[in-house]
Amino acid sequence: MRDSDNAFPEKNRLLAASDYRKVFSRPVRSTDKYFTVLATAGSSNEPRLGLAISKKNTRLATDRNRLKRIVRESFRHHKEIVSGLDLVVMAKFGAAQADNRKLFESLSRHWKNLSNKLNDT
RNA sequence: GGAGCCAGCCAGAUGGUCGCUGUCAGCAGCCUGAUUGAGUCAGUGUUGGCAGAGGAAAGUCCGGACUUCACAGGACAGGAUGCCAGGUAACGCCUGGGAGGCGAGAGCCUACGGCCAGUGCAGCAGAAAAUAUACCGCCAGACUUGUUCUGGUAAGGGUGAAAUGGUGCGGUAAGAGCGCACCGCGCUUCUGGUAACAGUAAGCGGCAGGGUAAACCCCAUCCGAAGCAAGACCAAAUAGGGAAACAACCAGCUUUCGGGCUGACCCCGUGGUCCGCGGGAGUUUCCGGGUAGGUUGCAUGAGGUGAUCGGUGACGGUCAUCCCAGAUGAAUGACCAUCCACGACAGAAUCCGGCUUAUGGCUGGCUCUCCUU
RNA sequence: CGGAGCGUAGCGCAGCUUGGUAGCGCACCACAAUGGGGUUGUGGGGGUCGAAGGUUCAAAUCCUUUCGCUCCGA
């Protein structure tokens with residue numbers, strides 16, 4: 001087992017529709033002009049990630065795929081920060097036009113923001 | 001050099017670090033499931049090898065395969081297609097040919113059957129818009145001599161998108177296919193071609209009688225409907241349905257002696273407790289349907305590549321060879337370095353054959369034009 | 001992924017069947033009535049009919065392609 005590294009296996013994902021419902025019902029939010037990130041305390045120590053990128057805000061399938069990859073990439077590099085959280089990332093309208101570096105910066109701010117908020121409560 | 005036409009090809013490259021999906025091989029482990037005499041298989045973890053978006057993956061505009069439902073056969077309705085021949089699993093696609101049109105040319109484009117079956121439509125203008133006619137004219141005659149009437153005419157003028165073939169000569173009161181010549185048109189025959197169709201071929205007819213079928217329609221050919229969220233299988237929990245076993249089997253009433261009915265016992269709530277009141281009827285197993293969820297459908301195919309043969313070609317035959325994405329909150333990426341032309345349009349979702357639309361670049365052939373020789 | 005429908009004035013709609021004039025309500029502007037406003041009455045303006053081609057003498061209407069929006073099916 002090499003849990004300490006940056007892998008992204010299946011246990012780090014939100015899989016069922018019921019998992020998503022749990023996150024949407026009582027979330028802690030973090031928002032900027034690219035993303036809205038929702039979070040709740042998860043059931044285990046493993047953080048879990050879900051994506052909700054709508055066709056309405058991001059018209060082209062190519063752009064949607066790019067955003068998903070970037071979010072997953074950022075998530076696996078910051079797993080220690082968000083450990084124990086269930087997260088859902090929603091893309092906003094301007095996200096598709098931004099370049100990759102900006103998006104990575106935005107996401108790492110969200111991870112820190114949310115882990116602080118949840119540890120305070 | 002410039003403008004353009006046609007065909008074909010590519011879809012940033014190389015290296016490093018981290019990561020994802022599938023598959024093959026090895027290892028781990030006995031955690032989960034199945035089954036068993038050990039064990040094996042599937043899942044799981046891990047190491048290594050290999051593979052991992054498109055020419056349009058798009059729009060969903062056509063055609064199939066594949067599923068489920070319906071179905072003897074046929075007809076009607078509805079829809080699609082529409083020059084001819086061929087290709088194909090099939091097509092509204094492709095190839096070749098014909099006809100018509102566009103262009104200076106290379107070339108390109110065409111819903112290209114039928115208004116001699118029937119019905120409908122045509123505003124305004126114009127005398128008249130589909131079956132006949134005459135506004136201005138032209139000509140003749142009449143007498144009431146004039147802004148008159150009657151008749152003839154369709155050559156000229158004017159309207160319109162569209163007005164009953166064109167030119168010339170003859171002819172005539174003026175005219176007219178009224179007659180003739182040539183052109184055009186139609187029909188018959190002949191010749192060439194599988195056919196569409198073509199012909200400087202022969203003969204006949206003075207000449208059909210307008211347009212519109214992306215108007216209804218007629219003719220010929222084709223089509224059952226819905227779609228992988230189709231469909232098949234496994235199946236927790238909860239409620240409910242059916243069956244069996246166990247537990248209970250106390251009292252009363254009844255009986256055709258199998259049993260049936262009523263009440264209590266029991267559990268929960270109220271309450272300090274009893275009565276009372278309100279609610280619930282036990283436990284276990286199995287069966288069928290079936291939700292969450294999972295598995296499958298799901299990738300060896302009308303497949304690719306090469307050679308060769310047949311064909312003008314689309315394409316087909318034979319032989320050899322290869323296995324080439326398979327996700328399911330949804331993989332094919334991120335970062336760094338170097339190079340160059342500094343990277344357009346854009347992301348598989350059951351699978352194929354087309355069409356259409358978006359779009360960067362390279363190569364070859366051809367046409368026109370300009371300059372130089 | 002698959003299936004169905006809708007784009008007409010600032011807004012909500014009709015007209016498309018069977019092609020020739022684009023119309024209705026609200027809103028807007030002007031005028032009248034009032035000392036002023038509202039209400040009412042009269043009159044008026046405003047349209048690439050989502051876009052591009054085609055058929056036709058003529059297209060919002062017929063045909064083809066395309067863009068956008070809405071709804072339905074685990």
# chains A, B, ... in the order shown; residues from 1 in each chain; ligands from 1
$ closest_atom_pairs --of "chain A" --to "chain B" --cutoff "12 Å" --atoms "only C-alpha atoms (C1' of nucleotides)" --output "tab-separated table"
residue	atom	partner	partner_atom	distance
A:Met1	CA	B:G45	C1'	7.5
A:Arg2	CA	B:U46	C1'	9.7
A:Asp3	CA	B:G45	C1'	11.9
A:Asp5	CA	B:C18	C1'	9.4
A:Asn6	CA	B:G19	C1'	7.5
A:Ala7	CA	B:G19	C1'	6.3
A:Phe8	CA	B:G19	C1'	7.3
A:Pro9	CA	B:C20	C1'	8.6
A:Glu10	CA	B:C20	C1'	10.4
A:Arg13	CA	B:G329	C1'	8.7
A:Leu14	CA	B:G329	C1'	7.4
A:Leu15	CA	B:G329	C1'	6.5
A:Ala16	CA	B:G329	C1'	8.0
A:Ala17	CA	B:G329	C1'	8.4
A:Ser18	CA	B:A292	C1'	9.8
A:Asp19	CA	B:G329	C1'	10.7
A:Tyr20	CA	B:G329	C1'	9.3
A:Leu49	CA	B:G329	C1'	9.7
A:Gly50	CA	B:G329	C1'	6.7
A:Leu51	CA	B:G329	C1'	6.5
A:Ala52	CA	B:G329	C1'	7.7
A:Ile53	CA	B:G329	C1'	9.9
A:Ser54	CA	B:G329	C1'	11.8
A:Leu60	CA	B:A346	C1'	8.5
A:Ala61	CA	B:G347	C1'	6.2
A:Thr62	CA	B:G347	C1'	5.3
A:Asp63	CA	B:G347	C1'	9.0
A:Arg64	CA	B:G347	C1'	9.4
A:Asn65	CA	B:G347	C1'	7.6
A:Arg66	CA	B:G333	C1'	8.6
A:Leu67	CA	B:G333	C1'	11.0
A:Lys68	CA	B:G333	C1'	10.2
A:Arg69	CA	B:G333	C1'	6.6
A:Ile70	CA	B:A334	C1'	7.5
A:Val71	CA	B:A334	C1'	10.5
A:Arg72	CA	B:G19	C1'	9.6
A:Glu73	CA	B:A334	C1'	6.7
A:Ser74	CA	B:A334	C1'	9.0
A:Phe75	CA	B:G19	C1'	11.3
A:Arg76	CA	B:G19	C1'	8.6
A:His77	CA	B:C18	C1'	9.5
A:Val88	CA	B:G329	C1'	10.4
A:Val89	CA	B:G329	C1'	11.4
A:Asn100	CA	B:A334	C1'	9.4
A:Arg101	CA	B:C335	C1'	10.3
A:Phe104	CA	B:A334	C1'	10.4
$ select_by_dssp --residues "range 21-119 of chain A" --states "helix (DSSP H, G or I)" --output "number ranges by chain"
A: 21-25, 61-77, 93-97, 100-119
$ write_last_selection --atoms "N, CA and C atoms" --output "compact mmCIF listing (two decimals), in the first residue's frame"
# COMPACT_ATOMS: atom_id res chain seq x y z
N ARG A 21 -26.21 13.45 -2.68
CA ARG A 21 -27.33 14.07 -1.96
C ARG A 21 -26.88 14.49 -0.56
N LYS A 22 -26.05 13.65 0.08
CA LYS A 22 -25.58 13.96 1.42
C LYS A 22 -24.77 15.26 1.43
N VAL A 23 -23.92 15.42 0.42
CA VAL A 23 -23.09 16.62 0.37
C VAL A 23 -23.92 17.85 0.08
N PHE A 24 -24.89 17.73 -0.81
CA PHE A 24 -25.71 18.88 -1.19
C PHE A 24 -26.63 19.33 -0.07
N SER A 25 -27.00 18.42 0.86
CA SER A 25 -28.03 18.75 1.85
C SER A 25 -27.49 19.70 2.92
N ALA A 61 -17.83 19.73 -24.79
CA ALA A 61 -17.41 18.54 -24.06
C ALA A 61 -15.91 18.56 -23.81
N THR A 62 -15.17 19.10 -24.75
CA THR A 62 -13.72 19.19 -24.58
C THR A 62 -13.35 20.02 -23.35
N ASP A 63 -14.04 21.14 -23.16
CA ASP A 63 -13.76 22.00 -22.01
C ASP A 63 -14.18 21.32 -20.72
N ARG A 64 -15.32 20.62 -20.74
CA ARG A 64 -15.76 19.92 -19.52
C ARG A 64 -14.73 18.88 -19.11
N ASN A 65 -14.22 18.13 -20.05
CA ASN A 65 -13.21 17.13 -19.74
C ASN A 65 -11.96 17.78 -19.17
N ARG A 66 -11.54 18.89 -19.73
CA ARG A 66 -10.35 19.57 -19.25
C ARG A 66 -10.53 20.00 -17.80
N LEU A 67 -11.67 20.61 -17.48
CA LEU A 67 -11.92 21.05 -16.12
C LEU A 67 -11.89 19.88 -15.14
N LYS A 68 -12.51 18.78 -15.51
CA LYS A 68 -12.55 17.61 -14.62
C LYS A 68 -11.13 17.11 -14.35
N ARG A 69 -10.30 17.06 -15.38
CA ARG A 69 -8.94 16.57 -15.21
C ARG A 69 -8.15 17.46 -14.26
N ILE A 70 -8.34 18.76 -14.44
CA ILE A 70 -7.60 19.69 -13.62
C ILE A 70 -8.03 19.60 -12.17
N VAL A 71 -9.34 19.47 -11.93
CA VAL A 71 -9.83 19.36 -10.56
C VAL A 71 -9.28 18.08 -9.93
N ARG A 72 -9.34 16.97 -10.64
CA ARG A 72 -8.83 15.71 -10.10
C ARG A 72 -7.33 15.79 -9.82
N GLU A 73 -6.61 16.41 -10.74
CA GLU A 73 -5.16 16.53 -10.59
C GLU A 73 -4.81 17.33 -9.34
N SER A 74 -5.50 18.45 -9.16
CA SER A 74 -5.27 19.29 -8.00
C SER A 74 -5.65 18.54 -6.72
N PHE A 75 -6.76 17.83 -6.76
CA PHE A 75 -7.24 17.09 -5.58
C PHE A 75 -6.21 16.08 -5.10
N ARG A 76 -5.62 15.31 -6.03
CA ARG A 76 -4.72 14.26 -5.59
C ARG A 76 -3.39 14.82 -5.07
N HIS A 77 -3.08 16.06 -5.46
CA HIS A 77 -1.88 16.68 -4.92
C HIS A 77 -2.11 17.29 -3.54
N PHE A 93 -19.43 29.80 -14.83
CA PHE A 93 -19.47 30.12 -16.26
C PHE A 93 -18.11 30.46 -16.84
N GLY A 94 -17.26 31.18 -16.10
CA GLY A 94 -16.00 31.64 -16.67
C GLY A 94 -14.89 30.62 -16.67
N ALA A 95 -15.12 29.48 -16.04
CA ALA A 95 -14.02 28.54 -15.81
C ALA A 95 -13.40 28.03 -17.11
N ALA A 96 -14.23 27.83 -18.13
CA ALA A 96 -13.72 27.25 -19.37
C ALA A 96 -12.75 28.18 -20.08
N GLN A 97 -12.89 29.50 -19.83
CA GLN A 97 -12.04 30.45 -20.53
C GLN A 97 -10.69 30.64 -19.84
N ASN A 100 -4.86 27.00 -17.35
CA ASN A 100 -4.69 25.96 -16.34
C ASN A 100 -4.05 26.48 -15.06
N ARG A 101 -3.07 27.36 -15.17
CA ARG A 101 -2.36 27.84 -14.00
C ARG A 101 -3.31 28.57 -13.04
N LYS A 102 -4.17 29.42 -13.59
CA LYS A 102 -5.16 30.14 -12.78
C LYS A 102 -6.07 29.19 -12.04
N LEU A 103 -6.50 28.12 -12.73
CA LEU A 103 -7.43 27.17 -12.13
C LEU A 103 -6.77 26.41 -10.98
N PHE A 104 -5.53 26.03 -11.16
CA PHE A 104 -4.82 25.32 -10.09
C PHE A 104 -4.68 26.20 -8.86
N GLU A 105 -4.35 27.48 -9.07
CA GLU A 105 -4.23 28.40 -7.96
C GLU A 105 -5.55 28.53 -7.21
N SER A 106 -6.63 28.70 -7.96
CA SER A 106 -7.95 28.84 -7.38
C SER A 106 -8.30 27.62 -6.53
N LEU A 107 -8.04 26.42 -7.07
CA LEU A 107 -8.43 25.19 -6.37
C LEU A 107 -7.65 25.02 -5.07
N SER A 108 -6.36 25.28 -5.09
CA SER A 108 -5.60 25.05 -3.86
C SER A 108 -6.07 26.00 -2.77
N ARG A 109 -6.49 27.21 -3.15
CA ARG A 109 -7.10 28.12 -2.17
C ARG A 109 -8.37 27.51 -1.57
N HIS A 110 -9.21 26.88 -2.43
CA HIS A 110 -10.47 26.29 -1.94
C HIS A 110 -10.19 25.18 -0.94
N TRP A 111 -9.20 24.34 -1.23
CA TRP A 111 -8.94 23.19 -0.33
C TRP A 111 -8.58 23.69 1.05
N LYS A 112 -7.68 24.67 1.13
CA LYS A 112 -7.24 25.19 2.42
C LYS A 112 -8.40 25.84 3.16
N ASN A 113 -9.14 26.65 2.41
CA ASN A 113 -10.29 27.37 2.94
C ASN A 113 -11.27 26.41 3.63
N LEU A 114 -11.62 25.33 2.94
CA LEU A 114 -12.64 24.42 3.45
C LEU A 114 -12.14 23.63 4.63
N SER A 115 -10.90 23.17 4.61
CA SER A 115 -10.41 22.38 5.72
C SER A 115 -10.33 23.23 6.98
N ASN A 116 -9.99 24.52 6.86
CA ASN A 116 -10.01 25.42 8.00
C ASN A 116 -11.42 25.57 8.56
N LYS A 117 -12.38 25.84 7.70
CA LYS A 117 -13.76 26.05 8.13
C LYS A 117 -14.30 24.85 8.88
N LEU A 118 -14.05 23.63 8.37
CA LEU A 118 -14.63 22.46 8.98
C LEU A 118 -13.92 22.07 10.26
N ASN A 119 -12.64 22.35 10.35
CA ASN A 119 -11.94 22.02 11.58
C ASN A 119 -12.31 22.97 12.72
$ residues_around --residues "A22 in chain C" --least-positions-apart "4" --cutoff "9 Å" --atoms "only C-alpha atoms (C1' of nucleotides)" --output "PyMOL selection string"
chain C and resi 8+15+47+49+60
$ write_last_selection --atoms "N, CA and C atoms (P, O5', C5', C4', C3', O3' and C1' of nucleotides)" --output "JSON list (two decimals), in the first residue's frame"
[["chain", "number", "residue", "atom", "x", "y", "z"],
["C", 8, "U", "P", -40.18, 35.03, -31.48],
["C", 8, "U", "O5'", -40.80, 35.33, -32.90],
["C", 8, "U", "C5'", -40.06, 36.03, -33.89],
["C", 8, "U", "C4'", -40.96, 36.92, -34.72],
["C", 8, "U", "C3'", -41.75, 37.96, -33.93],
["C", 8, "U", "O3'", -40.96, 39.10, -33.63],
["C", 8, "U", "C1'", -43.20, 36.87, -35.44],
["C", 15, "G", "P", -52.82, 30.62, -35.68],
["C", 15, "G", "O5'", -52.62, 31.60, -36.92],
["C", 15, "G", "C5'", -53.73, 32.14, -37.63],
["C", 15, "G", "C4'", -53.28, 33.14, -38.66],
["C", 15, "G", "C3'", -52.40, 32.57, -39.78],
["C", 15, "G", "O3'", -53.20, 32.04, -40.83],
["C", 15, "G", "C1'", -51.42, 34.55, -38.92],
["C", 47, "G", "P", -39.26, 48.96, -37.26],
["C", 47, "G", "O5'", -39.89, 47.53, -36.93],
["C", 47, "G", "C5'", -39.42, 46.80, -35.80],
["C", 47, "G", "C4'", -39.39, 45.32, -36.12],
["C", 47, "G", "C3'", -38.72, 44.95, -37.44],
["C", 47, "G", "O3'", -37.91, 43.81, -37.28],
["C", 47, "G", "C1'", -40.94, 44.13, -37.41],
["C", 49, "C", "P", -37.50, 38.84, -41.80],
["C", 49, "C", "O5'", -38.31, 38.85, -40.43],
["C", 49, "C", "C5'", -37.74, 38.34, -39.23],
["C", 49, "C", "C4'", -38.79, 37.61, -38.44],
["C", 49, "C", "C3'", -38.89, 36.12, -38.73],
["C", 49, "C", "O3'", -39.16, 35.45, -37.50],
["C", 49, "C", "C1'", -40.98, 37.13, -39.11],
["C", 60, "A", "P", -41.74, 36.66, -46.54],
["C", 60, "A", "O5'", -41.93, 36.28, -45.00],
["C", 60, "A", "C5'", -40.88, 35.66, -44.28],
["C", 60, "A", "C4'", -41.44, 34.83, -43.14],
["C", 60, "A", "C3'", -42.03, 33.49, -43.56],
["C", 60, "A", "O3'", -41.05, 32.49, -43.61],
["C", 60, "A", "C1'", -43.52, 34.64, -42.12]]
$ residues_around --residues "C28 in chain C" --least-positions-apart "4" --cutoff "10 Å" --atoms "only C-alpha atoms (C1' of nucleotides)" --output "PyMOL selection string"
chain C and resi 10+45-46
$ select_by_dssp --residues "chain A" --states "strand (DSSP E or B)" --output "ChimeraX atom specification"
/A:13,28-31,35-41,48-52,85-91
$ residues_around --residues "range 169-179 of chain B" --least-positions-apart "3" --cutoff "12 Å" --atoms "only C-alpha atoms (C1' of nucleotides)" --output "ChimeraX atom specification"
/B:137-141,152-156,165,182,206-207
$ write_last_selection --atoms "C-alpha atoms (C1' of nucleotides)" --output "PDB file, in the first residue's frame"
ATOM      1  C1'   G B 137     -54.910  50.796 -83.941  1.00  0.00           C
ATOM      2  C1'   C B 138     -55.672  49.000 -89.281  1.00  0.00           C
ATOM      3  C1'   C B 139     -59.556  47.971 -93.203  1.00  0.00           C
ATOM      4  C1'   A B 140     -64.549  47.764 -95.376  1.00  0.00           C
ATOM      5  C1'   G B 141     -69.647  49.120 -95.231  1.00  0.00           C
ATOM      6  C1'   G B 152     -63.581  42.069 -90.625  1.00  0.00           C
ATOM      7  C1'   U B 153     -58.470  41.644 -88.564  1.00  0.00           C
ATOM      8  C1'   A B 154     -54.625  40.041 -84.555  1.00  0.00           C
ATOM      9  C1'   A B 155     -49.451  42.253 -88.546  1.00  0.00           C
ATOM     10  C1'   G B 156     -48.273  47.375 -85.050  1.00  0.00           C
ATOM     11  C1'   G B 165     -43.917  29.862 -82.851  1.00  0.00           C
ATOM     12  C1'   C B 182     -35.831  27.952 -94.287  1.00  0.00           C
ATOM     13  C1'   G B 206     -49.652  23.855 -90.521  1.00  0.00           C
ATOM     14  C1'   C B 207     -48.713  23.052 -85.436  1.00  0.00           C
TER      15        C B 207
END
$ residues_around --residues "Thr40 in chain A" --least-positions-apart "4" --cutoff "8 Å" --atoms "only C-alpha atoms (C1' of nucleotides)" --output "list in words"
Val23, Arg26, Pro27, Val28, Leu85, Asp86, Leu87 and Leu118 of chain A
$ atom_distance --atom1 "C1' of C216 in chain B" --atom2 "C1' of U110 in chain B"
25.5 Å
$ residues_around --residues "A4 in chain C" --least-positions-apart "5" --cutoff "12 Å" --atoms "only C-alpha atoms (C1' of nucleotides)" --output "list in words"
U70, C71, C72 and G73 of chain C
$ atom_distance --atom1 "C1' of U56 in chain C" --atom2 "C1' of G211 in chain B"
10.8 Å
$ atom_distance --atom1 "C1' of A25 in chain B" --atom2 "C1' of G49 in chain B"
8.3 Å
$ closest_residue --among "A:His78, A:Lys56, A:Lys92, A:Arg48" --to "chain C" --atoms "only C-alpha atoms (C1' of nucleotides)"
A:Lys56
